[in-house]
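Text of upload00.txt, listed as compact mmCIF, C-alpha atoms:
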```txt
# COMPACT_ATOMS: atom_id res chain seq x y z
CA MET A 1 167.84 56.18 75.32
CA ARG A 2 168.90 58.99 73.00
CA ILE A 3 166.19 61.22 71.58
CA LEU A 4 166.43 64.18 69.21
CA ILE A 5 163.42 66.49 69.15
CA LYS A 6 163.81 68.26 65.85
CA GLY A 7 162.46 71.54 64.55
CA GLY A 8 159.91 72.38 67.22
CA ARG A 9 159.20 75.77 68.76
CA VAL A 10 161.00 75.42 72.06
CA ILE A 11 159.51 77.54 74.85
CA ASP A 12 161.34 77.55 78.19
CA PRO A 13 160.39 80.56 80.34
CA ALA A 14 163.09 79.79 82.94
CA ASN A 15 165.85 80.32 80.37
CA ASN A 16 164.04 82.89 78.19
CA ILE A 17 164.03 80.53 75.22
CA ASP A 18 161.36 80.90 72.55
CA LYS A 19 162.63 79.79 69.15
CA VAL A 20 162.52 76.99 66.61
CA THR A 21 165.42 74.68 67.41
CA ASP A 22 166.40 71.13 68.40
CA VAL A 23 166.57 69.41 71.79
CA TYR A 24 168.85 66.42 72.37
CA ILE A 25 168.24 63.99 75.23
CA ASP A 26 170.92 61.55 76.36
CA LYS A 27 170.78 59.17 79.34
CA GLY A 28 167.54 60.66 80.61
CA VAL A 29 168.72 64.27 80.82
CA ILE A 30 168.61 67.28 78.53
CA SER A 31 172.01 67.28 76.88
CA GLU A 32 171.93 70.04 74.25
CA ILE A 33 169.60 72.66 72.81
CA GLY A 34 170.42 74.38 69.53
CA ASP A 35 170.79 74.08 65.76
CA ASP A 36 173.26 71.82 63.93
CA LEU A 37 174.17 69.83 67.04
CA GLY A 38 176.61 67.61 65.14
CA LEU A 39 174.98 64.33 66.08
CA GLU A 40 175.64 62.54 62.81
CA GLY A 41 176.34 58.84 63.23
CA ILE A 42 174.75 58.61 66.70
CA GLU A 43 171.93 56.08 66.98
CA MET A 44 168.86 57.81 68.38
CA GLU A 45 165.11 58.21 68.08
CA VAL A 46 164.12 61.32 66.15
CA ILE A 47 160.85 63.14 66.89
CA ASP A 48 159.72 65.54 64.18
CA ALA A 49 158.30 68.46 66.15
CA ALA A 50 157.81 70.84 63.20
CA GLY A 51 154.79 73.06 63.83
CA LYS A 52 154.57 71.94 67.44
CA ILE A 53 155.43 73.43 70.82
CA VAL A 54 158.22 71.82 72.85
CA SER A 55 157.87 72.83 76.50
CA PRO A 56 159.01 71.70 79.93
CA GLY A 57 156.71 68.95 81.17
CA LEU A 58 153.60 70.38 82.83
CA VAL A 59 153.51 70.32 86.63
CA ASP A 60 150.18 69.97 88.46
CA MET A 61 150.70 71.01 92.06
CA HIS A 62 147.15 70.17 93.21
CA CYS A 63 145.46 66.83 92.52
CA HIS A 64 143.86 63.87 94.27
CA LEU A 65 145.03 60.35 93.40
CA ARG A 66 142.80 58.66 96.07
CA ASP A 67 145.57 56.19 96.84
CA PRO A 68 145.74 54.77 99.50
CA GLY A 69 142.23 53.93 100.59
CA GLN A 70 139.88 54.93 97.80
CA GLU A 71 141.27 53.02 94.84
CA TYR A 72 137.77 52.40 93.51
CA LYS A 73 137.88 56.06 92.36
CA GLU A 74 141.50 56.26 91.24
CA ASP A 75 144.91 54.85 92.04
CA ILE A 76 148.46 55.98 91.39
CA GLU A 77 148.76 53.99 88.16
CA THR A 78 145.48 55.16 86.56
CA GLY A 79 145.85 58.70 87.83
CA THR A 80 149.36 59.11 86.44
CA ARG A 81 148.28 57.53 83.12
CA SER A 82 145.60 60.20 82.87
CA ALA A 83 148.12 62.91 83.82
CA ALA A 84 150.54 61.75 81.12
CA MET A 85 147.79 61.90 78.50
CA GLY A 86 147.21 65.50 79.56
CA GLY A 87 150.87 66.44 79.04
CA ILE A 88 151.56 66.51 82.78
CA THR A 89 154.90 65.01 83.82
CA SER A 90 154.79 65.78 87.56
CA VAL A 91 151.88 65.80 90.01
CA ALA A 92 151.62 66.73 93.67
CA CYS A 93 148.89 64.74 95.40
CA MET A 94 146.81 66.01 98.30
CA PRO A 95 146.74 64.27 101.70
CA ASN A 96 143.02 63.50 102.09
CA THR A 97 143.59 59.79 101.52
CA LYS A 98 142.64 56.92 103.83
CA PRO A 99 144.85 56.84 105.86
CA VAL A 100 145.75 60.53 105.68
CA ILE A 101 149.24 61.50 104.50
CA ASP A 102 150.23 62.70 107.97
CA ASN A 103 153.19 60.40 108.67
CA GLU A 104 156.33 58.97 107.12
CA ALA A 105 154.80 55.56 106.35
CA VAL A 106 152.12 56.91 104.00
CA VAL A 107 154.56 59.25 102.24
CA THR A 108 156.91 56.29 101.70
CA TYR A 109 154.05 54.12 100.41
CA ILE A 110 153.06 56.71 97.80
CA ARG A 111 156.62 57.34 96.63
CA THR A 112 157.36 53.62 96.39
CA LYS A 113 154.16 52.79 94.50
CA ALA A 114 154.69 55.74 92.16
CA LYS A 115 158.16 54.43 91.26
CA GLU A 116 156.74 50.96 90.62
CA THR A 117 153.54 51.80 88.71
CA GLY A 118 153.49 55.53 87.97
CA TYR A 119 153.76 57.00 84.50
CA VAL A 120 154.84 60.45 85.76
CA ASN A 121 156.66 61.91 88.78
CA VAL A 122 154.55 61.90 91.95
CA PHE A 123 155.24 64.25 94.87
CA PRO A 124 153.16 63.72 98.04
CA ILE A 125 151.76 66.67 99.97
CA GLY A 126 151.55 66.05 103.70
CA ALA A 127 148.77 67.09 106.06
CA ILE A 128 148.93 70.24 108.17
CA SER A 129 147.06 68.58 111.02
CA LYS A 130 146.92 65.00 112.22
CA GLY A 131 144.06 63.18 110.54
CA LEU A 132 143.04 66.48 108.87
CA GLU A 133 141.16 67.16 112.09
CA GLY A 134 142.49 70.67 112.61
CA LYS A 135 143.39 70.03 116.23
CA GLU A 136 147.09 69.12 116.38
CA LEU A 137 149.94 69.77 113.98
CA ALA A 138 151.23 66.83 112.00
CA GLU A 139 154.95 66.09 112.26
CA ILE A 140 155.96 68.53 109.53
CA GLY A 141 159.68 67.81 109.81
CA GLU A 142 159.07 64.06 109.56
CA LEU A 143 156.92 64.61 106.46
CA LYS A 144 159.61 66.78 104.89
CA PHE A 145 162.39 64.26 105.42
CA ALA A 146 160.16 61.44 104.17
CA GLY A 147 159.72 63.29 100.87
CA ALA A 148 156.61 65.47 101.18
CA VAL A 149 156.96 68.71 99.20
CA ALA A 150 154.30 70.84 100.95
CA VAL A 151 151.61 70.64 103.62
CA SER A 152 147.87 71.19 103.31
CA ASP A 153 144.57 70.10 104.82
CA ASP A 154 142.97 70.50 101.40
CA GLY A 155 139.35 69.45 101.36
CA ARG A 156 139.05 70.97 104.80
CA PRO A 157 140.02 74.41 106.09
CA VAL A 158 142.27 74.92 109.10
CA VAL A 159 139.63 76.63 111.21
CA GLU A 160 141.81 77.52 114.21
CA SER A 161 143.89 80.58 113.35
CA GLY A 162 146.54 79.86 115.96
CA LEU A 163 147.11 76.40 114.50
CA MET A 164 147.48 77.88 111.03
CA ARG A 165 150.04 80.37 112.33
CA ARG A 166 152.09 77.58 113.91
CA ALA A 167 151.85 75.52 110.73
CA MET A 168 153.17 78.41 108.65
CA GLU A 169 156.03 79.05 111.07
CA TYR A 170 157.03 75.38 111.30
CA ALA A 171 156.76 74.86 107.54
CA ASP A 172 158.90 77.94 106.96
CA MET A 173 161.64 76.44 109.13
CA PHE A 174 161.71 73.41 106.80
CA ASP A 175 161.40 75.52 103.64
CA MET A 176 158.01 73.99 102.84
CA THR A 177 154.94 75.59 101.33
CA VAL A 178 151.64 75.73 103.21
CA ILE A 179 148.72 75.34 100.80
CA SER A 180 145.50 76.69 102.24
CA HIS A 181 141.98 75.52 101.47
CA CYS A 182 140.20 78.80 102.21
CA GLU A 183 136.69 78.19 103.46
CA ASP A 184 134.88 79.59 106.48
CA LEU A 185 132.58 76.68 107.29
CA SER A 186 130.14 78.78 109.30
CA LEU A 187 129.68 81.08 106.30
CA ALA A 188 129.54 78.19 103.84
CA ASP A 189 126.73 76.91 106.07
CA GLY A 190 126.35 73.54 104.38
CA GLY A 191 125.75 75.09 100.96
CA HIS A 192 125.99 73.25 97.67
CA MET A 193 126.61 75.90 95.01
CA ASN A 194 127.32 79.62 94.62
CA GLU A 195 124.85 81.85 96.46
CA GLY A 196 122.91 83.92 93.96
CA TYR A 197 120.20 83.83 91.32
CA MET A 198 120.89 80.24 90.22
CA SER A 199 120.84 78.82 93.74
CA THR A 200 117.52 80.57 94.36
CA TYR A 201 116.14 79.38 91.01
CA LEU A 202 117.14 75.78 91.69
CA GLY A 203 116.16 75.85 95.36
CA LEU A 204 119.64 74.85 96.52
CA ARG A 205 121.40 76.21 99.58
CA GLY A 206 124.03 78.72 98.43
CA ILE A 207 127.61 79.41 99.49
CA THR A 208 128.52 83.07 99.82
CA ARG A 209 131.76 84.24 98.22
CA ALA A 210 132.62 85.64 101.66
CA ALA A 211 133.21 82.06 102.86
CA GLU A 212 136.30 81.97 100.68
CA GLU A 213 137.37 85.59 100.93
CA VAL A 214 137.29 85.80 104.73
CA MET A 215 139.78 82.93 104.99
CA VAL A 216 141.97 84.26 102.17
CA SER A 217 142.16 87.52 104.09
CA ARG A 218 142.96 85.74 107.38
CA ASP A 219 145.79 83.69 105.92
CA ILE A 220 147.29 86.70 104.14
CA LEU A 221 147.26 88.64 107.41
CA ILE A 222 148.94 85.76 109.28
CA ALA A 223 151.61 85.51 106.58
CA GLU A 224 152.14 89.26 106.73
CA ALA A 225 152.42 89.28 110.52
CA THR A 226 154.87 86.38 110.66
CA GLY A 227 156.82 86.99 107.47
CA THR A 228 156.07 83.44 106.34
CA ALA A 229 154.76 82.18 102.99
CA ILE A 230 151.25 81.03 102.11
CA HIS A 231 149.83 79.54 98.92
CA ILE A 232 146.09 79.97 98.37
CA ALA A 233 144.42 77.01 96.66
CA HIS A 234 141.73 77.12 93.94
CA VAL A 235 140.92 80.86 93.92
CA SER A 236 137.41 81.39 92.51
CA THR A 237 136.15 84.92 93.26
CA ARG A 238 136.93 88.49 92.27
CA GLY A 239 137.37 89.40 95.94
CA SER A 240 140.00 86.71 96.49
CA VAL A 241 141.94 87.83 93.42
CA GLU A 242 141.94 91.41 94.65
CA LEU A 243 143.02 90.40 98.17
CA VAL A 244 146.03 88.53 96.75
CA ARG A 245 146.82 91.36 94.33
CA GLN A 246 146.95 93.96 97.11
CA ALA A 247 148.92 91.65 99.41
CA LYS A 248 151.56 91.11 96.73
CA LYS A 249 151.86 94.87 96.31
CA ARG A 250 152.57 95.11 100.06
CA GLY A 251 155.29 92.48 99.78
CA VAL A 252 153.45 89.63 101.49
CA ARG A 253 154.85 86.21 100.60
CA VAL A 254 151.63 84.97 99.02
CA THR A 255 151.08 82.93 95.89
CA CYS A 256 147.88 81.43 94.54
CA GLU A 257 146.39 79.12 91.96
CA THR A 258 143.18 78.63 90.03
CA CYS A 259 141.70 75.80 87.99
CA PRO A 260 140.37 75.66 84.42
CA HIS A 261 136.78 75.32 85.63
CA TYR A 262 136.99 78.74 87.26
CA PHE A 263 137.84 80.48 83.97
CA THR A 264 135.66 78.37 81.67
CA LEU A 265 132.40 77.70 83.56
CA THR A 266 129.93 79.62 85.70
CA GLU A 267 127.16 78.64 88.10
CA LYS A 268 124.90 78.29 85.04
CA ALA A 269 126.53 74.90 84.44
CA VAL A 270 124.64 73.63 87.50
CA ASP A 271 121.29 74.17 85.73
CA GLY A 272 119.42 70.90 85.50
CA PHE A 273 121.07 69.83 88.76
CA ASN A 274 124.23 68.78 86.92
CA THR A 275 126.31 67.13 89.64
CA ASN A 276 129.40 67.21 87.40
CA ALA A 277 129.31 70.96 87.94
CA LYS A 278 129.38 70.58 91.73
CA MET A 279 132.71 71.46 93.28
CA ASN A 280 134.25 73.29 96.21
CA PRO A 281 134.72 76.20 95.97
CA PRO A 282 131.66 76.33 93.73
CA LEU A 283 131.46 77.69 90.20
CA ARG A 284 130.82 81.42 90.40
CA THR A 285 129.52 84.18 88.11
CA ASP A 286 130.53 85.69 84.77
CA ASP A 287 132.14 88.58 86.67
CA ASP A 288 134.24 86.17 88.72
CA VAL A 289 135.37 84.37 85.55
CA GLU A 290 136.53 87.71 84.13
CA ALA A 291 138.34 88.49 87.39
CA ILE A 292 140.16 85.14 87.26
CA LYS A 293 141.28 85.89 83.71
CA GLU A 294 142.44 89.37 84.77
CA GLY A 295 144.38 87.84 87.67
CA LEU A 296 146.05 85.36 85.35
CA LYS A 297 146.93 88.09 82.88
CA ASP A 298 148.47 90.52 85.38
CA GLY A 299 150.36 87.84 87.31
CA THR A 300 148.27 87.91 90.48
CA ILE A 301 147.43 84.25 89.94
CA ASP A 302 150.66 82.28 89.74
CA CYS A 303 149.53 78.80 88.71
CA ILE A 304 146.93 76.82 86.84
CA VAL A 305 146.23 73.46 88.50
CA THR A 306 143.61 70.78 87.90
CA ASP A 307 142.34 69.89 91.40
CA HIS A 308 141.77 66.52 89.71
CA ALA A 309 139.13 64.95 91.97
CA PRO A 310 137.88 61.57 90.71
CA HIS A 311 134.63 60.14 92.04
CA HIS A 312 132.75 56.92 91.29
CA ILE A 313 129.64 57.32 89.14
CA ASP A 314 127.42 56.43 92.11
CA GLU A 315 128.84 59.41 94.03
CA LYS A 316 127.71 61.77 91.28
CA ASN A 317 124.58 60.02 89.99
CA CYS A 318 122.45 61.06 92.94
CA GLU A 319 120.63 64.05 94.44
CA PHE A 320 122.66 67.24 94.03
CA ALA A 321 122.87 67.84 97.77
CA LEU A 322 124.31 64.35 98.30
CA ALA A 323 126.77 64.39 95.40
CA MET A 324 130.50 64.62 96.08
CA ASN A 325 132.44 67.77 95.14
CA GLY A 326 134.97 67.81 92.33
CA ILE A 327 135.78 66.81 88.76
CA VAL A 328 138.56 65.01 86.89
CA GLY A 329 140.85 67.42 85.09
CA PHE A 330 144.20 66.00 83.97
CA GLU A 331 143.32 65.40 80.32
CA THR A 332 141.33 68.59 79.70
CA SER A 333 143.51 71.15 81.50
CA LEU A 334 145.88 72.03 78.65
CA GLY A 335 143.16 72.10 76.01
CA LEU A 336 140.89 74.32 78.10
CA SER A 337 143.75 76.69 78.88
CA LEU A 338 144.75 76.99 75.22
CA GLU A 339 141.14 77.42 74.06
CA TYR A 340 140.00 79.91 76.72
CA LEU A 341 143.23 81.76 77.56
CA VAL A 342 145.77 81.61 74.71
CA LYS A 343 143.39 81.64 71.75
CA PRO A 344 141.56 84.82 72.90
CA GLY A 345 144.84 86.51 73.89
CA VAL A 346 144.49 86.45 77.68
CA LEU A 347 147.89 84.74 77.98
CA THR A 348 150.76 84.10 75.59
CA LEU A 349 152.08 80.56 75.23
CA ASP A 350 155.13 81.57 77.28
CA GLU A 351 152.92 82.87 80.09
CA LEU A 352 150.74 79.75 80.03
CA ILE A 353 153.73 77.41 80.24
CA ARG A 354 155.11 79.51 83.09
CA LYS A 355 151.86 79.06 85.04
CA MET A 356 151.48 75.36 84.24
CA SER A 357 155.09 74.30 84.69
CA LEU A 358 157.72 76.72 86.02
CA ASN A 359 155.76 78.54 88.75
CA PRO A 360 154.33 75.40 90.39
CA SER A 361 157.83 73.90 90.42
CA ARG A 362 159.31 76.94 92.10
CA ILE A 363 156.56 77.17 94.70
CA LEU A 364 157.08 73.51 95.65
CA GLY A 365 160.88 73.73 95.41
CA LEU A 366 161.13 71.15 92.62
CA SER A 367 163.84 70.99 89.99
CA LYS A 368 161.14 70.76 87.31
CA GLY A 369 159.50 73.16 84.89
CA THR A 370 162.62 73.97 82.88
CA LEU A 371 164.66 72.64 79.97
CA THR A 372 167.96 73.57 81.62
CA ILE A 373 170.89 71.47 80.39
CA GLY A 374 171.54 68.62 82.80
CA ASN A 375 167.98 68.49 84.14
CA ALA A 376 165.87 65.35 83.91
CA ALA A 377 164.22 65.27 80.49
CA ASP A 378 160.58 65.94 81.36
CA ILE A 379 159.13 67.37 78.15
CA THR A 380 155.68 67.93 76.65
CA ILE A 381 155.23 68.34 72.90
CA PHE A 382 151.84 69.59 71.75
CA ASP A 383 150.15 71.05 68.70
CA PRO A 384 148.40 74.26 69.86
CA GLU A 385 146.18 74.31 66.78
CA LYS A 386 144.98 70.71 66.83
CA GLU A 387 141.23 70.62 67.40
CA TRP A 388 139.60 67.82 69.33
CA THR A 389 136.37 67.02 71.11
CA VAL A 390 136.26 65.82 74.71
CA ASP A 391 134.84 62.31 75.01
CA VAL A 392 134.56 61.57 78.71
CA SER A 393 134.15 57.84 78.09
CA LYS A 394 137.70 57.73 76.67
CA LEU A 395 139.45 59.45 79.59
CA HIS A 396 142.20 57.33 81.15
CA SER A 397 141.09 58.05 84.71
CA LYS A 398 139.01 55.40 86.49
CA SER A 399 136.38 58.09 87.06
CA LYS A 400 134.59 60.09 84.37
CA ASN A 401 133.11 62.95 86.40
CA SER A 402 133.74 65.83 84.00
CA PRO A 403 131.39 68.62 82.86
CA TYR A 404 133.32 69.01 79.58
CA ASP A 405 131.92 66.09 77.60
CA GLY A 406 131.42 67.27 74.02
CA PHE A 407 133.47 70.48 74.43
CA LYS A 408 135.52 71.37 71.35
CA LEU A 409 139.04 72.37 72.37
CA CYS A 410 142.34 73.14 70.68
CA GLY A 411 145.74 71.77 71.62
CA LYS A 412 146.53 68.21 72.58
CA PRO A 413 149.77 66.58 73.77
CA GLU A 414 151.35 64.41 71.09
CA TYR A 415 154.55 63.36 72.86
CA VAL A 416 155.22 63.24 76.59
CA ILE A 417 158.68 62.38 77.88
CA VAL A 418 159.34 61.63 81.55
CA GLY A 419 162.94 61.20 82.71
CA GLY A 420 164.03 60.60 79.14
CA ASP A 421 161.43 57.88 78.51
CA ILE A 422 158.65 58.44 75.98
CA VAL A 423 155.35 57.65 77.74
CA VAL A 424 153.02 59.19 75.14
CA ASN A 425 153.91 58.71 71.47
CA GLN A 426 151.82 60.45 68.79
CA GLY A 427 148.98 60.82 71.27
CA ILE A 428 149.04 57.16 72.29
CA LEU A 429 149.93 56.03 75.81
CA LEU A 430 152.77 53.51 75.76
```

Please render this file's structure as structure tokens.
Amino acid sequence: MRILIKGGRVIDPANNIDKVTDVYIDKGVISEIGDDLGLEGIEMEVIDAAGKIVSPGLVDMHCHLRDPGQEYKEDIETGTRSAAMGGITSVACMPNTKPVIDNEAVVTYIRTKAKETGYVNVFPIGAISKGLEGKELAEIGELKFAGAVAVSDDGRPVVESGLMRRAMEYADMFDMTVISHCEDLSLADGGHMNEGYMSTYLGLRGITRAAEEVMVSRDILIAEATGTAIHIAHVSTRGSVELVRQAKKRGVRVTCETCPHYFTLTEKAVDGFNTNAKMNPPLRTDDDVEAIKEGLKDGTIDCIVTDHAPHHIDEKNCEFALAMNGIVGFETSLGLSLEYLVKPGVLTLDELIRKMSLNPSRILGLSKGTLTIGNAADITIFDPEKEWTVDVSKLHSKSKNSPYDGFKLCGKPEYVIVGGDIVVNQGILL
């Protein structure tokens, strides 16, 4: 299929491109970028991108597809449909499935099913420990050769520091990233939301910010002592941002990510016992939101991810203490980032695309996040000014657990191309 994307503002941070020009796709790869490409007489589909942004396809390096084992919440087909509608062309799915992604067979299952039913590229993340039990290392080499792109026990922390050290050293041998869910369970103490005024007001057990920051500090120190790399998942507090900032200044091989809910919402969203505002780590304070924005602006925070975590309505429509953690995020991520980061001037469009496409690709070692000639044509075309209102009932995920229903956002994907195939055309999933 030949496609000409004409007259859009092409932004490709990897190649320092930011200009109005054309992009030509031939046989699934990016063939040419420029003006007057001399394509007269060639039969092709032409996309008029005037007034729109043409960027590398977005890459979400932290999501949960629930497949295998919990397909009543989400599966690879529905999850990747939702991702495509959010402008995301590649996702990396976490290992807390049933069974856990801790062996070659489960990695192979996910990759095979993604090729058969997926709308976007799917990259499995293997477990650090067998069964996510934190007792014995998973076969990291086996996971790597099967196609896993990183290892993590996300959803659970690796409590034993010695095990985490060995995981980082083994992963480094295979050039894999360790993604750490930073939570000291003894400090979290079974809490349900951020510890502070709101938790006291609502009578809910709180989670101190120290539960996150202590483990961020531990993993940074292990990485520094061993010279290995660590990626900190879903950073939510000012203290965590500062710990990463100072570690980077010392030359520690640390990267980190945050999610849109940590720069758009605070613990106040829990008022009324709103279970769609329950997540882990929990929503924090106004000061933490400002710190996250500062960390994004100065480069301390490398990536914006969704932590897409679908749950059945019955798992949210219950007492707050019993409700599951997490929200769906594929289809709101770009709009929230444009509305709360680009529109107020926290990030430029180039910086946003870098954090939502190029940086995640580099951290995972993927050949994504760039419009380099010869690369697979994974492209997102969006109108940064287009206003729209979130209607949770219309999300393409099986689950609808989002706190953003009714939010007015700007920026929505209009075309999404994966491997040279158009999967979203004028905002409609094909």

Q) Quick one: of A:Ile3, A:Met279, A:Leu322, A:Asp18, who's nearest to Thr348 in chain A, counting all atoms listed in the file? A) A:Asp18

Q.
Give me the residues near range 395-408 of chain A as an MDAnalysis selection string, where near means some atom within 6 Å (using all atoms listed in the file) and where sequence neighbours in that chain fewer than 3 positions away do not count.
A. chainID A and resid 73:74 78:79 82 276:277 310:312 327:328 388:392

So that each row is one residue of range 125-177 of chain A with an atom at most 12 Å from range 242-263 of chain A, can you give its shortest atom pair and the distance in Å to one decimal, using all atoms listed in the file, rows by chain and rising number, as a tab-separated table?
```
residue	atom	partner	partner_atom	distance
A:Met168	CA	A:Arg253	CA	11.3
A:Asp172	CA	A:Arg253	CA	11.2
A:Thr177	CA	A:Thr255	CA	9.9
```

Q | Nearest to Asn96 in chain A, chosen from A:Asp75, A:Ala49, A:Asp154, A:Cys63, with only C-alpha atoms counted in the distances | A |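 The answer is A:Asp154, which sits nearest to Asn96 in chain A.
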
Q) Which of these, A:Arg66, A:Pro13, A:Leu132, A:Met85, has the shortest distance to Thr332 in chain A once you count only C-alpha atoms? A) A:Met85

Q | Nearby residues (only C-alpha atoms) at most 8 Å from Asn325 in chain A, same-chain spacing under 3 positions excluded, as a ChimeraX atom specification | A | /A:278-280,309

Q.
Excluding Asp287 in chain A and its own-chain neighbours fewer than 5 positions away, which residues fall within 12 Å of it when counting all atoms listed in the file? Please give them as a PyMOL selection string.
A. chain A and resi 236-239+241+262-267+292-294

Using all atoms listed in the file, I'd like a table of the residues in range 211-311 of chain A that come within 7 Å of range 184-192 of chain A; for each, show the closest atom pair and its distance in Å rounded to one decimal, ordered by chain and ascending number, as JSON lines.
```
{"residue": "A:Ala211", "atom": "CA", "partner": "A:Asp184", "partner_atom": "CA", "distance": 4.7}
{"residue": "A:Glu212", "atom": "CA", "partner": "A:Asp184", "partner_atom": "CA", "distance": 6.4}
{"residue": "A:Val214", "atom": "CA", "partner": "A:Asp184", "partner_atom": "CA", "distance": 6.9}
{"residue": "A:Met215", "atom": "CA", "partner": "A:Asp184", "partner_atom": "CA", "distance": 6.1}
```

Q. Hey, can you pull every residue with an atom no more than 12 Å from (154.1, 67.1, 65.8), using all atoms listed in the file, and send it as an NGL selection string?
A. :A and (5-9 or 46-54 or 380-386 or 411-416 or 425-427)

Output the selection as a PDB file, in the frame of the given file - C-alpha atoms for each residue.
```pdb
ATOM      1  CA  ILE A   5     163.420  66.490  69.150  1.00  0.00           C
ATOM      2  CA  LYS A   6     163.810  68.260  65.850  1.00  0.00           C
ATOM      3  CA  GLY A   7     162.460  71.540  64.550  1.00  0.00           C
ATOM      4  CA  GLY A   8     159.910  72.380  67.220  1.00  0.00           C
ATOM      5  CA  ARG A   9     159.200  75.770  68.760  1.00  0.00           C
ATOM      6  CA  VAL A  46     164.120  61.320  66.150  1.00  0.00           C
ATOM      7  CA  ILE A  47     160.850  63.140  66.890  1.00  0.00           C
ATOM      8  CA  ASP A  48     159.720  65.540  64.180  1.00  0.00           C
ATOM      9  CA  ALA A  49     158.300  68.460  66.150  1.00  0.00           C
ATOM     10  CA  ALA A  50     157.810  70.840  63.200  1.00  0.00           C
ATOM     11  CA  GLY A  51     154.790  73.060  63.830  1.00  0.00           C
ATOM     12  CA  LYS A  52     154.570  71.940  67.440  1.00  0.00           C
ATOM     13  CA  ILE A  53     155.430  73.430  70.820  1.00  0.00           C
ATOM     14  CA  VAL A  54     158.220  71.820  72.850  1.00  0.00           C
ATOM     15  CA  THR A 380     155.680  67.930  76.650  1.00  0.00           C
ATOM     16  CA  ILE A 381     155.230  68.340  72.900  1.00  0.00           C
ATOM     17  CA  PHE A 382     151.840  69.590  71.750  1.00  0.00           C
ATOM     18  CA  ASP A 383     150.150  71.050  68.700  1.00  0.00           C
ATOM     19  CA  PRO A 384     148.400  74.260  69.860  1.00  0.00           C
ATOM     20  CA  GLU A 385     146.180  74.310  66.780  1.00  0.00           C
ATOM     21  CA  LYS A 386     144.980  70.710  66.830  1.00  0.00           C
ATOM     22  CA  GLY A 411     145.740  71.770  71.620  1.00  0.00           C
ATOM     23  CA  LYS A 412     146.530  68.210  72.580  1.00  0.00           C
ATOM     24  CA  PRO A 413     149.770  66.580  73.770  1.00  0.00           C
ATOM     25  CA  GLU A 414     151.350  64.410  71.090  1.00  0.00           C
ATOM     26  CA  TYR A 415     154.550  63.360  72.860  1.00  0.00           C
ATOM     27  CA  VAL A 416     155.220  63.240  76.590  1.00  0.00           C
ATOM     28  CA  ASN A 425     153.910  58.710  71.470  1.00  0.00           C
ATOM     29  CA  GLN A 426     151.820  60.450  68.790  1.00  0.00           C
ATOM     30  CA  GLY A 427     148.980  60.820  71.270  1.00  0.00           C
TER      31      GLY A 427
END
```

Q | Nearby residues (all atoms listed in the file) at most 10 Å from Val346 in chain A, same-chain spacing under 4 positions excluded, as a ChimeraX atom specification | A | /A:293-294,296-298,337-338,340-342,351-352

Q) Taking all atoms listed in the file into account, which of A:Leu221, A:Cys410, A:Pro95, A:Gly86 comes nearest Lys343 in chain A? A)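 Under the stated criterion, the closest residue is A:Cys410.
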
Q.
My list of candidates is A:Glu160, A:Glu104, A:Asp175, A:Glu32. Which is closest to Leu366 in chain A when distances are computed with all atoms listed in the file?
A.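 Among the listed residues, A:Asp175 lies closest to Leu366 in chain A.
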
Q: Kindly indicate which residue among A:Pro281, A:His181, A:Leu58, A:Gly419 lies nearest to Ala376 in chain A, using all atoms listed in the file for the distances.
A: A:Gly419

Put the listed atoms of range 208-212 of chain A in a box along x, y and z with 5 Å added on every side and give me the centre and edge lengths in Å to one decimal, as lines of an AutoDock Vina configuration file.
```
center_x = 132.4
center_y = 83.8
center_z = 100.5
size_x = 17.8
size_y = 13.7
size_z = 14.6
```

Q: Name the residues in contact with Thr226 in chain A at a cut-off of 12 Å, using all atoms listed in the file, excluding same-chain residues fewer than 2 positions from it; report them as a list in words.
A: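 Near Thr226 in chain A, the qualifying residues are Gly162, Met164, Arg165, Arg166, Ala167, Met168, Glu169, Tyr170, Asp172, Asp219, Ile220, Leu221, Ile222, Ala223, Glu224, Thr228, Ala229, Ile230, Val252 and Arg253 of chain A.
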
Q: May I ask for the distance between CA of Leu283 in chain A and CA of Asp314 in chain A, given in Å to one decimal place?
A: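 Between CA of Leu283 in chain A and CA of Asp314 in chain A the gap works out to 21.7 Å.
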
**Q.** Atomic distance CA of Val216 in chain A - CA of Lys130 in chain A, expressed in Å with one decimal
**A.**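 Distance reported for this atom pair: 22.3 Å.
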
Q: Give me, please, the distance in Å between CA of Asn317 in chain A and CA of Ala233 in chain A, quoted to one decimal.
A: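 If I compute the distance from CA of Asn317 in chain A to CA of Ala233 in chain A, I get 27.0 Å.
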
When you get a chance, write out N, CA and C atoms for range 40-44 of chain A, as an mmCIF file, keeping the file's coordinate frame.
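Contents of result_21.cif, as written:
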```cif
data_model
loop_
_atom_site.group_PDB
_atom_site.id
_atom_site.type_symbol
_atom_site.label_atom_id
_atom_site.label_comp_id
_atom_site.auth_asym_id
_atom_site.auth_seq_id
_atom_site.Cartn_x
_atom_site.Cartn_y
_atom_site.Cartn_z
ATOM 1 N N GLU A 40 175.600 63.522 63.879
ATOM 2 C CA GLU A 40 175.640 62.540 62.810
ATOM 3 C C GLU A 40 176.331 61.255 63.276
ATOM 4 N N GLY A 41 175.737 60.124 62.897
ATOM 5 C CA GLY A 41 176.340 58.840 63.230
ATOM 6 C C GLY A 41 175.926 58.285 64.570
ATOM 7 N N ILE A 42 175.206 59.083 65.389
ATOM 8 C CA ILE A 42 174.750 58.610 66.700
ATOM 9 C C ILE A 42 173.378 57.963 66.527
ATOM 10 N N GLU A 43 173.215 56.774 67.069
ATOM 11 C CA GLU A 43 171.930 56.080 66.980
ATOM 12 C C GLU A 43 170.965 56.699 67.990
ATOM 13 N N MET A 44 169.819 57.131 67.504
ATOM 14 C CA MET A 44 168.860 57.810 68.380
ATOM 15 C C MET A 44 167.472 57.751 67.760
#
```
